[in-house]
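Enquirer: Structure below; questions to follow.
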Amino acid sequence: MSHDLGASPLVDKFGRTVNYIRLSVTDRCDFRCTYCMAEEMTFLPRAQVLSLEECLRLARVFVGLGVTKIRITGGEPLVRKNVLWLFQQLGRLPGLKELVLTTNGSQLERFAQPLVEAGVRRVNVSLDSLDPDKFRRITRVGDLHKVLRGIAAAKAAGFAGIKLNTVMIRGVNEDEFCDLVQFAVDQEIDIAFIEEMPLGDVGHARIDTYYSSDDALALLSRRFELVSSTETTGGPARYWRIPGTRTKVGFISPHSHNFCASCNRVRVTCTGELFPCLGQNDSTPLLPLLRAHPEDDQPVRQAIIDAMGIKPRGHDFNLFQAKPKVIRFMSVTGG
């Protein structure tokens, strides 16, 4: 297999350098979160999904093009058979500075220690409620206690950073935002609140469940002292510090505070579709190129470079549309 000679950074037509990819390794998940997917899902046949070796090959090409951060996502990435092998290989890639993971936490109790040993630096764990019954309603099938044990295992394993991700759902979990922040403070970890994104038809209008970052910040400020911070982990979150604690509180605000101007990332789905923007339908298929040229990376490398030309200025999410413009579920693109 050929190797890239010299790194050439990926720059889109707006001058933004792409140095971060979110790579989905599966569309499958052991939860069925109401904002992410339908209750009855038909998952992809294996032949349509990137093999772990193809995931590694793509990662090598991206790193050869100047990417320094890879986030592994799903579905739930840790339900992918033999996925630990991929983490171990990625952890050895020369030039890759950050290997991170987003997970629902259901498998962390088992995987936390080997993931740290493989080189995963930070882990984001989805947690939308601390109430077991409400947690099950949101996830449809999830066991809160299993996730909490996973968070404890992640702390014990020694990740450089652990962050909770909470999707804000009006009428469902805003009464718990303060409790979730207090949990993060007690655990000495970070938390980010995420505005729900209109991806896929999940059976309800997003405008009915939308909760803005500004409203959440006002709510939390009644209980916590929040000091604005310029810190970043390379993603779209804006952070506040709680003095006297180790906790950062972040907000990911695709609607109320559009973060597109500084976007440095692209997404690759588990089917090898390269999406320069989460909120648009334009994509470049990489899987056919990988399989048509098993010994030559140049075609897929060129396709990635060319895809920078279709990266839009912004995502243009619209909560007021009756049907979402982006028809694929969040679990398809990668959380």
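Simple scheme: letters A, B, ... for chains in structure tokens order, numbers from 1 for residues in each chain, numbers from 1 for ligands in the order shown.
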Using only C-alpha atoms, what does the table of range 13-128 of chain A residues within 12 Å of range 293-296 of chain A look like, with each row giving the shortest atom pair and its distance in Å to one decimal, sorted by chain and ascending number, as a Markdown table?

Expert:
```
| residue | atom | partner | partner_atom | distance |
| --- | --- | --- | --- | --- |
| A:Glu53 | CA | A:Pro294 | CA | 11.0 |
| A:Glu54 | CA | A:Pro294 | CA | 9.5 |
| A:Arg57 | CA | A:Pro294 | CA | 9.8 |
| A:Leu58 | CA | A:Pro294 | CA | 11.6 |
| A:Val61 | CA | A:Asp296 | CA | 10.8 |
```

Enquirer: Counting only C-alpha atoms, what is within 12 Å of Lys97 in chain A, bar same-chain residues fewer than 5 positions away, as a ChimeraX atom specification?

Expert: /A:19-20,63,66-71,90-92,119-122,234

Enquirer: Mind dumping the selected residues with C-alpha atoms as a compact mmCIF listing (two decimals), in the first residue's frame?

Expert:
```txt
# COMPACT_ATOMS: atom_id res chain seq x y z
CA ASN A 19 -7.39 18.95 11.21
CA TYR A 20 -10.07 16.93 13.02
CA VAL A 63 -3.30 11.98 9.16
CA GLY A 66 -2.48 16.98 8.30
CA VAL A 67 -5.28 15.71 10.54
CA THR A 68 -4.07 15.57 14.15
CA LYS A 69 -7.27 14.61 16.01
CA ILE A 70 -9.59 11.64 15.45
CA ARG A 71 -12.80 11.07 17.38
CA LEU A 90 -4.81 4.30 15.75
CA GLY A 91 -2.96 4.95 19.00
CA ARG A 92 0.30 4.15 17.20
CA GLY A 119 -3.88 5.63 23.67
CA VAL A 120 -7.37 7.13 23.96
CA ARG A 121 -6.84 10.43 25.76
CA ARG A 122 -10.33 11.69 26.39
CA GLY A 234 -10.84 21.59 19.63
```

Enquirer: Looking at only C-alpha atoms, which of A:Cys29, A:Val49, A:Val167, A:Ile194 is the one that sits closest to Val141 in chain A?

Expert: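 Smallest distance to Val141 in chain A is found for A:Cys29.
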
Enquirer: Find the spatial neighbours of Gly250 in chain A, counting only C-alpha atoms, within a cut-off of 12 Å - ignore same-chain residues fewer than 5 positions away - and output them as a ChimeraX atom specification.

Expert: /A:163-167,181,184,189-195,213-214,216-217,220,226-233,235-242

Enquirer: Enumerate as number ranges by chain all residues of range 129-251 of chain A assigned to strand (DSSP E) by DSSP on the backbone, naming them with the chain letters and numbers the document uses.

Expert: A: 161-168, 190-195, 227-229, 238-241, 248-251

Enquirer: Hey, can you spit out that residue selection with N, CA and C atoms as a PDB file, in the first residue's frame?

Expert:
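Result file follows (out.pdb):
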```
ATOM      1  N   GLY A 161      -9.109  13.255  30.191  1.00  0.00           N
ATOM      2  CA  GLY A 161     -10.318  14.046  30.348  1.00  0.00           C
ATOM      3  C   GLY A 161     -11.561  13.203  30.172  1.00  0.00           C
ATOM      4  N   ILE A 162     -12.578  13.479  30.974  1.00  0.00           N
ATOM      5  CA  ILE A 162     -13.886  12.831  30.845  1.00  0.00           C
ATOM      6  C   ILE A 162     -14.914  13.950  30.811  1.00  0.00           C
ATOM      7  N   LYS A 163     -15.804  13.891  29.831  1.00  0.00           N
ATOM      8  CA  LYS A 163     -16.842  14.915  29.708  1.00  0.00           C
ATOM      9  C   LYS A 163     -18.190  14.245  29.501  1.00  0.00           C
ATOM     10  N   LEU A 164     -19.187  14.731  30.208  1.00  0.00           N
ATOM     11  CA  LEU A 164     -20.565  14.298  29.974  1.00  0.00           C
ATOM     12  C   LEU A 164     -21.164  15.150  28.870  1.00  0.00           C
ATOM     13  N   ASN A 165     -21.955  14.537  28.001  1.00  0.00           N
ATOM     14  CA  ASN A 165     -22.712  15.253  26.970  1.00  0.00           C
ATOM     15  C   ASN A 165     -24.191  15.110  27.287  1.00  0.00           C
ATOM     16  N   THR A 166     -24.871  16.226  27.491  1.00  0.00           N
ATOM     17  CA  THR A 166     -26.301  16.208  27.795  1.00  0.00           C
ATOM     18  C   THR A 166     -27.061  16.938  26.702  1.00  0.00           C
ATOM     19  N   VAL A 167     -27.937  16.232  25.989  1.00  0.00           N
ATOM     20  CA  VAL A 167     -28.802  16.871  25.008  1.00  0.00           C
ATOM     21  C   VAL A 167     -29.973  17.500  25.756  1.00  0.00           C
ATOM     22  N   MET A 168     -30.199  18.779  25.492  1.00  0.00           N
ATOM     23  CA  MET A 168     -31.258  19.505  26.189  1.00  0.00           C
ATOM     24  C   MET A 168     -32.595  19.263  25.497  1.00  0.00           C
ATOM     25  N   ASP A 190     -16.022  17.138  33.405  1.00  0.00           N
ATOM     26  CA  ASP A 190     -16.654  18.237  32.687  1.00  0.00           C
ATOM     27  C   ASP A 190     -18.030  17.816  32.170  1.00  0.00           C
ATOM     28  N   ILE A 191     -18.799  18.812  31.733  1.00  0.00           N
ATOM     29  CA  ILE A 191     -20.113  18.537  31.162  1.00  0.00           C
ATOM     30  C   ILE A 191     -20.393  19.549  30.063  1.00  0.00           C
ATOM     31  N   ALA A 192     -21.040  19.098  28.997  1.00  0.00           N
ATOM     32  CA  ALA A 192     -21.461  19.989  27.920  1.00  0.00           C
ATOM     33  C   ALA A 192     -22.937  19.777  27.645  1.00  0.00           C
ATOM     34  N   PHE A 193     -23.665  20.881  27.503  1.00  0.00           N
ATOM     35  CA  PHE A 193     -25.087  20.844  27.159  1.00  0.00           C
ATOM     36  C   PHE A 193     -25.225  21.145  25.671  1.00  0.00           C
ATOM     37  N   ILE A 194     -26.021  20.327  24.977  1.00  0.00           N
ATOM     38  CA  ILE A 194     -26.096  20.373  23.518  1.00  0.00           C
ATOM     39  C   ILE A 194     -27.517  20.693  23.075  1.00  0.00           C
ATOM     40  N   GLU A 195     -27.647  21.707  22.226  1.00  0.00           N
ATOM     41  CA  GLU A 195     -28.946  21.975  21.626  1.00  0.00           C
ATOM     42  C   GLU A 195     -29.287  20.861  20.644  1.00  0.00           C
ATOM     43  N   VAL A 227     -17.949  31.346  35.225  1.00  0.00           N
ATOM     44  CA  VAL A 227     -17.017  32.349  34.708  1.00  0.00           C
ATOM     45  C   VAL A 227     -16.620  31.956  33.296  1.00  0.00           C
ATOM     46  N   SER A 228     -16.867  32.849  32.338  1.00  0.00           N
ATOM     47  CA  SER A 228     -16.569  32.562  30.935  1.00  0.00           C
ATOM     48  C   SER A 228     -15.094  32.244  30.747  1.00  0.00           C
ATOM     49  N   SER A 229     -14.822  31.242  29.913  1.00  0.00           N
ATOM     50  CA  SER A 229     -13.458  30.772  29.691  1.00  0.00           C
ATOM     51  C   SER A 229     -13.176  30.726  28.193  1.00  0.00           C
ATOM     52  N   ARG A 238     -18.384  26.094  23.787  1.00  0.00           N
ATOM     53  CA  ARG A 238     -17.876  27.266  24.522  1.00  0.00           C
ATOM     54  C   ARG A 238     -17.998  26.916  26.004  1.00  0.00           C
ATOM     55  N   TYR A 239     -16.969  27.270  26.786  1.00  0.00           N
ATOM     56  CA  TYR A 239     -16.889  26.784  28.159  1.00  0.00           C
ATOM     57  C   TYR A 239     -16.987  27.893  29.203  1.00  0.00           C
ATOM     58  N   TRP A 240     -17.535  27.507  30.346  1.00  0.00           N
ATOM     59  CA  TRP A 240     -17.537  28.309  31.556  1.00  0.00           C
ATOM     60  C   TRP A 240     -16.889  27.483  32.662  1.00  0.00           C
ATOM     61  N   ARG A 241     -16.171  28.141  33.542  1.00  0.00           N
ATOM     62  CA  ARG A 241     -15.561  27.499  34.712  1.00  0.00           C
ATOM     63  C   ARG A 241     -16.420  27.754  35.954  1.00  0.00           C
ATOM     64  N   LYS A 248     -15.467  22.152  34.033  1.00  0.00           N
ATOM     65  CA  LYS A 248     -15.868  23.100  32.981  1.00  0.00           C
ATOM     66  C   LYS A 248     -17.282  22.748  32.548  1.00  0.00           C
ATOM     67  N   VAL A 249     -18.100  23.766  32.314  1.00  0.00           N
ATOM     68  CA  VAL A 249     -19.443  23.586  31.779  1.00  0.00           C
ATOM     69  C   VAL A 249     -19.452  24.165  30.370  1.00  0.00           C
ATOM     70  N   GLY A 250     -19.769  23.320  29.387  1.00  0.00           N
ATOM     71  CA  GLY A 250     -19.750  23.757  28.000  1.00  0.00           C
ATOM     72  C   GLY A 250     -21.136  23.809  27.403  1.00  0.00           C
ATOM     73  N   PHE A 251     -21.263  24.581  26.329  1.00  0.00           N
ATOM     74  CA  PHE A 251     -22.512  24.649  25.576  1.00  0.00           C
ATOM     75  C   PHE A 251     -22.194  24.502  24.094  1.00  0.00           C
TER      76      PHE A 251
END
```

Enquirer: So what do you get for CA of Gly105 in chain A versus CA of Gly171 in chain A, distance-wise?

Expert: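 Atom-to-atom, CA of Gly105 in chain A and CA of Gly171 in chain A are spaced 24.1 Å apart.
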
Enquirer: Grab the CA of Ser51 in chain A to CA of Thr284 in chain A distance for me, in Å with one decimal place.

Expert: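 Result for CA of Ser51 in chain A versus CA of Thr284 in chain A: 17.9 Å, one decimal.
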
Enquirer: For a test of reading the model, state the distance in Å between CA of Asp133 in chain A and CA of Gly74 in chain A, rounded to one decimal.

Expert: 24.4 Å

Enquirer: Write down as a short mmCIF file (atom, residue, chain, number, x, y, z; two decimals) with N, CA and C atoms, in the first residue's frame the residues belonging to range 60-122 of chain A that are assigned helix (DSSP H, G or I) by DSSP computed on the backbone.

Expert:
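This went into selection22.cif:
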```cif
data_model
loop_
_atom_site.label_atom_id
_atom_site.label_comp_id
_atom_site.auth_asym_id
_atom_site.auth_seq_id
_atom_site.Cartn_x
_atom_site.Cartn_y
_atom_site.Cartn_z
N ARG A 60 -5.15 6.73 8.33
CA ARG A 60 -3.77 6.97 7.90
C ARG A 60 -3.71 8.06 6.82
N VAL A 61 -4.65 7.99 5.87
CA VAL A 61 -4.66 8.97 4.78
C VAL A 61 -4.95 10.37 5.34
N PHE A 62 -5.95 10.46 6.21
CA PHE A 62 -6.29 11.76 6.81
C PHE A 62 -5.11 12.33 7.61
N VAL A 63 -4.45 11.50 8.39
CA VAL A 63 -3.30 11.98 9.16
C VAL A 63 -2.19 12.42 8.22
N GLY A 64 -2.04 11.70 7.12
CA GLY A 64 -1.07 12.11 6.11
C GLY A 64 -1.39 13.45 5.48
N PRO A 77 -19.84 3.05 19.35
CA PRO A 77 -18.64 2.43 18.78
C PRO A 77 -18.19 1.17 19.51
N LEU A 78 -18.44 1.10 20.82
CA LEU A 78 -17.92 -0.03 21.58
C LEU A 78 -18.74 -1.31 21.40
N VAL A 79 -19.84 -1.25 20.63
CA VAL A 79 -20.54 -2.51 20.31
C VAL A 79 -19.97 -3.14 19.04
N VAL A 83 -13.42 -3.82 18.04
CA VAL A 83 -13.08 -2.41 17.85
C VAL A 83 -11.83 -2.01 18.63
N LEU A 84 -11.52 -2.74 19.70
CA LEU A 84 -10.32 -2.40 20.47
C LEU A 84 -9.07 -2.48 19.59
N TRP A 85 -9.05 -3.42 18.64
CA TRP A 85 -7.92 -3.53 17.72
C TRP A 85 -7.70 -2.21 16.98
N LEU A 86 -8.80 -1.59 16.53
CA LEU A 86 -8.69 -0.33 15.79
C LEU A 86 -8.10 0.76 16.68
N PHE A 87 -8.58 0.87 17.92
CA PHE A 87 -8.02 1.86 18.84
C PHE A 87 -6.52 1.63 19.05
N GLN A 88 -6.13 0.39 19.19
CA GLN A 88 -4.71 0.08 19.40
C GLN A 88 -3.87 0.50 18.19
N GLN A 89 -4.39 0.28 16.99
CA GLN A 89 -3.66 0.67 15.77
C GLN A 89 -3.62 2.19 15.62
N LEU A 90 -4.75 2.84 15.87
CA LEU A 90 -4.81 4.30 15.75
C LEU A 90 -3.88 4.97 16.76
N LEU A 108 -18.42 0.92 28.91
CA LEU A 108 -17.18 1.50 29.46
C LEU A 108 -16.62 0.71 30.63
N GLU A 109 -17.51 0.10 31.40
CA GLU A 109 -17.03 -0.66 32.56
C GLU A 109 -16.02 -1.71 32.11
N ARG A 110 -16.27 -2.28 30.93
CA ARG A 110 -15.40 -3.34 30.40
C ARG A 110 -14.20 -2.78 29.62
N PHE A 111 -14.41 -1.65 28.93
CA PHE A 111 -13.41 -1.18 27.97
C PHE A 111 -12.51 -0.04 28.45
N ALA A 112 -12.86 0.62 29.56
CA ALA A 112 -12.14 1.84 29.94
C ALA A 112 -10.63 1.63 30.03
N GLN A 113 -10.20 0.62 30.78
CA GLN A 113 -8.76 0.43 30.98
C GLN A 113 -8.03 0.10 29.68
N PRO A 114 -8.50 -0.87 28.88
CA PRO A 114 -7.80 -1.14 27.62
C PRO A 114 -7.82 0.04 26.65
N LEU A 115 -8.84 0.88 26.70
CA LEU A 115 -8.85 2.07 25.84
C LEU A 115 -7.76 3.05 26.23
N VAL A 116 -7.58 3.26 27.51
CA VAL A 116 -6.49 4.14 27.97
C VAL A 116 -5.15 3.56 27.55
N GLU A 117 -5.00 2.26 27.70
CA GLU A 117 -3.74 1.61 27.32
C GLU A 117 -3.49 1.70 25.82
N ALA A 118 -4.58 1.76 25.02
CA ALA A 118 -4.44 1.87 23.57
C ALA A 118 -4.07 3.28 23.13
#
```

Enquirer: Please identify all polymer residues within 8 Å of Lys311 in chain A, counting only C-alpha atoms, omitting same-chain residues fewer than 6 positions from it, and present them as a count of residues only.

Expert: 4
